[in-house]
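**Q** Got a structure for you, written out below as structure tokens; questions coming shortly.
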Amino acid sequence: MKAFEKNIRKVEPYVPGEQPRQTVIKLNTNENPYPPAPGVRRVLKGMDTDRFRLYPDPAAGDLVAALAGYYGVGEDQVFVGVGSDDVLSMCFLTFFNSEKPILFPDITYSFYKVWADLYRIPYECCPLDEDFCIVKEDYFRENGGIIFPNPNAPTGLYLELSEVEGIIGRNRDVIVIVDEAYVDFAGRSALELIEKYDNLIVVQTFSKARSLAGMRIGYAISNPLLIRYLNDAKYSFNSYTMSQAAIACGVEAVKDKAYFEEGIRKIIKTREWAKGELKRLGFSCLDSKANFIFATHPKYDVKKMFEVLKDKARIYVRYWGGERIEQYIRITVGAKEDMDALLGFLEGYLPAMERAEDLSD
């Protein structure tokens, strides 16, 4: 080791889903299969590129105003960032500064551990129960803050709002962050509790339901005090975090509520149908309320299945191999034709696997 290496901050990075360059059926990163709202195309086509020589509005005022109007909150209750990952990272840095450990589930978004390690935040993981559900009572103890996704990822399971409130209410002296990247496909949002609890921050994204993963737009909604703290931290790093194009596209996406709701309806319909078809093929699926399905098969090695799907069918799904989930794959809910292709391949693959196993007996 060179002398300077002892002063380098080393972390184990988050590993994102593969982004293949070739043409494939991509069901591994929970992107929306449908295009963004028509207004997004219009604003991009009409954008004066001379604007790009100028810095964007550091406060992203137009987007903040659009989100505040949509959710019926004050503009001083909205914080925006470059994707929800940026927003969550800023939340970790700003609010989790106790010597006590923060708490989050053991099976959850793996970036939480990365940020905790990066910012030197102590943490403890609360085990999901045998059905992969969050146990709210595990969070009824001393801690330095709490974060969890709802629905959780990669399980897709949704925690009812009364259970979420139970966690917040028992932790009034620390910040509780509810990461709602997938809540639009699920149920009631913790945004309903913002006025009741001054220790609550709700984080959402444009990447899933609003089809703007490529624009990187995320946001947090809370009370004015906590949002001011977030902005103070943001401006200590970089005032100009969001591009002019992202701000303009985000505003248009928020405007078109009807298009947004129709896209969600289609994805939910495909999700429920696909869960039924996978079960017909012998899979066991958690009752996902997100835009993906977490599935296992009692008879076959899903790691091998993941590899065959990728190599033979050019269908990408997500596999981790972590403790307790080594026999699960996560399948993004794609367009109907993509799900048909996946299910059609599996329908032929599974009997062939069974025949091969019979021959080896």
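FYI, nothing fancy with the structure tokens labels: chains A, B, ... in order, residues from 1 per chain, ligands from 1 as they appear.
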Quick one: everything within 10 Å of A:Tyr158, counting only C-alpha atoms, minus sequence neighbours fewer than 6 positions away in the same chain. Send it as a PyMOL selection string.

**A** chain A and resi 133-134+149-152+164+182-183+185-188+287-290

**Q** Quick check for you: according to DSSP on this backbone, which residues of stretch 7-127 of chain A are classed as strand (DSSP E)? Reply as a list in words.

**A**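 Of stretch 7-127 of chain A, only Ile25, Lys26, Val78, Phe79, Val80, Gly81, Ile102, Leu103, Phe104, Pro105, Tyr123, Glu124, Cys125 and Cys126 of chain A fall in strand (DSSP E).
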
**Q** What are the closest atom pairs, with distances in Å to one decimal, for each residue of stretch 192-211 of chain A lying within 10 Å of stretch 68-76 of chain A, using only C-alpha atoms, rows by chain and rising residue number, as a tab-separated table?

**A**
```
residue	atom	partner	partner_atom	distance
A:Glu192	CA	A:Tyr71	CA	9.9
A:Ile194	CA	A:Val73	CA	9.6
A:Glu195	CA	A:Val73	CA	9.5
```

**Q** Could you write out the selected residues, including N, CA and C atoms, as a PDB file, in the first residue's frame?

**A**
```pdb
ATOM      1  N   GLU A 192     -49.618  12.118   4.013  1.00  0.00           N
ATOM      2  CA  GLU A 192     -50.792  12.462   4.830  1.00  0.00           C
ATOM      3  C   GLU A 192     -50.413  12.811   6.266  1.00  0.00           C
ATOM      4  N   ILE A 194     -47.504  14.472   7.189  1.00  0.00           N
ATOM      5  CA  ILE A 194     -46.490  15.523   7.262  1.00  0.00           C
ATOM      6  C   ILE A 194     -46.859  16.613   8.268  1.00  0.00           C
ATOM      7  N   GLU A 195     -48.112  17.037   8.266  1.00  0.00           N
ATOM      8  CA  GLU A 195     -48.511  18.123   9.167  1.00  0.00           C
ATOM      9  C   GLU A 195     -48.599  17.669  10.616  1.00  0.00           C
TER      10      GLU A 195
END
```

**Q** Between A:Gly282, A:Ile168, A:Leu342, A:Glu31, single out the one closest to A:Arg141, counting only C-alpha atoms.

**A**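 Among the listed residues, A:Ile168 lies closest to A:Arg141.
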
**Q** Mind pulling up the distance from atom CA of A:Asp138 to atom CA of A:Ser284?

**A**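 If I compute the distance from atom CA of A:Ser284 to atom CA of A:Asp138, I get 26.8 Å.
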
**Q** Near stretch 2-18 of chain A, within 8 Å and counting only C-alpha atoms, which residues show up once chain neighbours fewer than 5 positions away are dropped, as a ChimeraX atom specification?

**A** /A:28-29,110-111,114,117-118,318

**Q** Please produce an output containing N, CA and C atoms for each residue in the selection, written as a CSV table (one decimal), in the first residue's frame.

**A**
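Result written to out-v5.csv:
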```
chain,number,residue,atom,x,y,z
A,28,ASN,N,-34.9,-5.3,-15.5
A,28,ASN,CA,-34.0,-5.4,-14.3
A,28,ASN,C,-33.8,-4.1,-13.5
A,29,THR,N,-34.3,-3.0,-13.9
A,29,THR,CA,-34.1,-1.7,-13.2
A,29,THR,C,-35.3,-0.9,-12.9
A,110,SER,N,-30.1,-1.4,-1.0
A,110,SER,CA,-28.7,-1.6,-0.5
A,110,SER,C,-27.9,-0.3,-0.5
A,111,PHE,N,-28.4,0.8,-1.1
A,111,PHE,CA,-27.7,2.0,-1.0
A,111,PHE,C,-27.6,2.6,0.4
A,114,VAL,N,-24.4,1.8,1.9
A,114,VAL,CA,-23.3,2.6,1.3
A,114,VAL,C,-23.2,4.0,1.9
A,117,ASP,N,-21.9,3.9,5.4
A,117,ASP,CA,-20.5,3.7,5.5
A,117,ASP,C,-19.7,5.0,5.0
A,118,LEU,N,-20.2,5.6,3.9
A,118,LEU,CA,-19.6,6.7,3.3
A,118,LEU,C,-19.5,7.9,4.3
A,318,ARG,N,-33.3,-9.1,-12.3
A,318,ARG,CA,-32.3,-8.7,-11.3
A,318,ARG,C,-32.2,-9.9,-10.4
```

**Q** Given only C-alpha atoms as the basis, pick out the residue of A:Ala253, A:Ala246, A:Ala116, A:Cys125 nearest to A:Ser89.

**A**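 Distance minimum relative to A:Ser89 lands on A:Ala116.
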
**Q** Might you pull out every residue within 12 Å of A:Lys336, with only C-alpha atoms counted and same-chain residues fewer than 6 positions away left off, and present them as a ChimeraX atom specification?

**A** /A:25,27,33-34,266-274,342-344

**Q** Could you give me, as JSON, numbers by chain, the residues within 12 Å of A:Tyr316, counting only C-alpha atoms and dropping anything in the same chain fewer than 3 positions from it?

**A** {"A": [17, 18, 19, 20, 22, 23, 24, 25, 26, 27, 28, 29, 30, 305, 306, 307, 308, 309, 310, 311, 312, 313, 319, 329, 330, 331, 332, 333, 334, 338, 339, 341, 342]}

**Q** Work out how far atom CA of A:Ile146 is from atom CA of A:Asp173, in Å to one decimal.

**A**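 So the answer is 10.9 Å.
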
**Q** With distances taken over only C-alpha atoms, which residue among A:Asp198, A:Asp179, A:Asp301, A:Glu354 lies nearest A:Thr108?

**A** A:Asp179

**Q** Between atom CA of A:Lys113 and atom CA of A:Ile325, what is the distance in Å, rounded to a tenth?

**A**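 These atoms are spaced 17.2 Å apart.
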
**Q** Neighbours of stretch 78-81 of chain A within 9 Å (only C-alpha atoms; same-chain residues fewer than 6 positions away dropped), as an MDAnalysis selection string?

**A** chainID A and resid 59:60 63:65 67:68 87 90 216:224 227:228 230:231 234 241:242

**Q** When you look at A:Arg53 with a cut-off of 12 Å (counting only C-alpha atoms), what residues show up, excluding the ones that are within fewer than 4 positions of it in the same chain? I need them as JSON, numbers by chain.

**A** {"A": [48, 49, 243, 244]}

**Q** Measuring atom to atom with only C-alpha atoms, identify which of A:Asp131, A:Asp184, A:Glu142, A:Asp57 is nearest to A:Asn171.

**A**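 Looking at the shortest contact to A:Asn171, the residue is A:Glu142.
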
**Q** Just asking: which residues within stretch 142-329 of chain A are alpha helix (DSSP H) according to DSSP, as an NGL selection string?

**A** :A and (161-169 or 224-235 or 244-255 or 257-280 or 302-312)

**Q** Could you turn the residues from that selection into a file that holds C-alpha atoms, as a PDB file, in the first residue's frame?

**A**
```pdb
ATOM      1  CA  LEU A 161     -50.170   3.767   6.758  1.00  0.00           C
ATOM      2  CA  SER A 162     -51.279   2.973  10.319  1.00  0.00           C
ATOM      3  CA  GLU A 163     -48.143   0.822  10.732  1.00  0.00           C
ATOM      4  CA  VAL A 164     -45.951   3.569   9.281  1.00  0.00           C
ATOM      5  CA  GLU A 165     -47.478   6.038  11.714  1.00  0.00           C
ATOM      6  CA  GLY A 166     -46.782   3.623  14.541  1.00  0.00           C
ATOM      7  CA  ILE A 167     -43.053   3.812  13.760  1.00  0.00           C
ATOM      8  CA  ILE A 168     -43.041   7.602  13.407  1.00  0.00           C
ATOM      9  CA  GLY A 169     -45.054   8.161  16.561  1.00  0.00           C
ATOM     10  CA  PRO A 224     -40.154  24.163   6.385  1.00  0.00           C
ATOM     11  CA  LEU A 225     -37.491  23.754   9.083  1.00  0.00           C
ATOM     12  CA  LEU A 226     -36.215  20.378   7.841  1.00  0.00           C
ATOM     13  CA  ILE A 227     -36.352  21.511   4.212  1.00  0.00           C
ATOM     14  CA  ARG A 228     -34.278  24.568   5.130  1.00  0.00           C
ATOM     15  CA  TYR A 229     -31.663  22.299   6.713  1.00  0.00           C
ATOM     16  CA  LEU A 230     -31.567  20.207   3.521  1.00  0.00           C
ATOM     17  CA  ASN A 231     -31.090  23.266   1.341  1.00  0.00           C
ATOM     18  CA  ASP A 232     -28.318  24.537   3.602  1.00  0.00           C
ATOM     19  CA  ALA A 233     -26.488  21.243   3.125  1.00  0.00           C
ATOM     20  CA  LYS A 234     -27.152  21.228  -0.635  1.00  0.00           C
ATOM     21  CA  TYR A 235     -25.811  24.743  -1.139  1.00  0.00           C
ATOM     22  CA  GLN A 244     -32.624  23.453 -17.068  1.00  0.00           C
ATOM     23  CA  ALA A 245     -33.967  20.559 -19.150  1.00  0.00           C
ATOM     24  CA  ALA A 246     -34.728  18.433 -16.080  1.00  0.00           C
ATOM     25  CA  ILE A 247     -36.572  21.279 -14.364  1.00  0.00           C
ATOM     26  CA  ALA A 248     -38.707  22.007 -17.451  1.00  0.00           C
ATOM     27  CA  CYS A 249     -39.506  18.330 -18.046  1.00  0.00           C
ATOM     28  CA  GLY A 250     -40.363  17.779 -14.421  1.00  0.00           C
ATOM     29  CA  VAL A 251     -42.871  20.637 -14.475  1.00  0.00           C
ATOM     30  CA  GLU A 252     -44.609  19.171 -17.526  1.00  0.00           C
ATOM     31  CA  ALA A 253     -44.742  15.706 -15.976  1.00  0.00           C
ATOM     32  CA  VAL A 254     -46.425  17.069 -12.851  1.00  0.00           C
ATOM     33  CA  LYS A 255     -49.005  18.987 -14.895  1.00  0.00           C
ATOM     34  CA  LYS A 257     -52.265  14.170 -13.859  1.00  0.00           C
ATOM     35  CA  ALA A 258     -54.540  12.164 -16.160  1.00  0.00           C
ATOM     36  CA  TYR A 259     -51.612  10.692 -18.110  1.00  0.00           C
ATOM     37  CA  PHE A 260     -49.798   9.901 -14.858  1.00  0.00           C
ATOM     38  CA  GLU A 261     -52.775   8.053 -13.401  1.00  0.00           C
ATOM     39  CA  GLU A 262     -53.462   6.105 -16.595  1.00  0.00           C
ATOM     40  CA  GLY A 263     -49.855   4.885 -16.728  1.00  0.00           C
ATOM     41  CA  ILE A 264     -50.069   3.675 -13.140  1.00  0.00           C
ATOM     42  CA  ARG A 265     -53.342   1.882 -13.872  1.00  0.00           C
ATOM     43  CA  LYS A 266     -51.786   0.012 -16.823  1.00  0.00           C
ATOM     44  CA  ILE A 267     -48.739  -1.065 -14.839  1.00  0.00           C
ATOM     45  CA  ILE A 268     -50.830  -2.306 -11.909  1.00  0.00           C
ATOM     46  CA  LYS A 269     -53.081  -4.258 -14.277  1.00  0.00           C
ATOM     47  CA  THR A 270     -50.058  -5.902 -15.947  1.00  0.00           C
ATOM     48  CA  ARG A 271     -48.454  -6.599 -12.573  1.00  0.00           C
ATOM     49  CA  GLU A 272     -51.472  -8.449 -11.204  1.00  0.00           C
ATOM     50  CA  TRP A 273     -51.882 -10.444 -14.408  1.00  0.00           C
ATOM     51  CA  ALA A 274     -48.162 -11.349 -14.463  1.00  0.00           C
ATOM     52  CA  LYS A 275     -48.241 -12.478 -10.824  1.00  0.00           C
ATOM     53  CA  GLY A 276     -51.072 -14.845 -11.717  1.00  0.00           C
ATOM     54  CA  GLU A 277     -49.200 -16.215 -14.734  1.00  0.00           C
ATOM     55  CA  LEU A 278     -46.006 -16.758 -12.769  1.00  0.00           C
ATOM     56  CA  LYS A 279     -47.939 -18.629 -10.097  1.00  0.00           C
ATOM     57  CA  ARG A 280     -49.481 -20.777 -12.830  1.00  0.00           C
ATOM     58  CA  VAL A 302     -33.212 -19.106  -9.876  1.00  0.00           C
ATOM     59  CA  LYS A 303     -29.585 -18.028 -10.307  1.00  0.00           C
ATOM     60  CA  LYS A 304     -29.291 -20.435 -13.207  1.00  0.00           C
ATOM     61  CA  MET A 305     -32.667 -19.231 -14.465  1.00  0.00           C
ATOM     62  CA  PHE A 306     -31.412 -15.618 -14.310  1.00  0.00           C
ATOM     63  CA  GLU A 307     -28.346 -16.552 -16.340  1.00  0.00           C
ATOM     64  CA  VAL A 308     -30.333 -18.497 -18.943  1.00  0.00           C
ATOM     65  CA  LEU A 309     -32.805 -15.649 -19.359  1.00  0.00           C
ATOM     66  CA  LYS A 310     -29.934 -13.268 -19.973  1.00  0.00           C
ATOM     67  CA  ASP A 311     -27.789 -15.466 -22.213  1.00  0.00           C
ATOM     68  CA  LYS A 312     -30.409 -17.379 -24.202  1.00  0.00           C
TER      69      LYS A 312
END
```
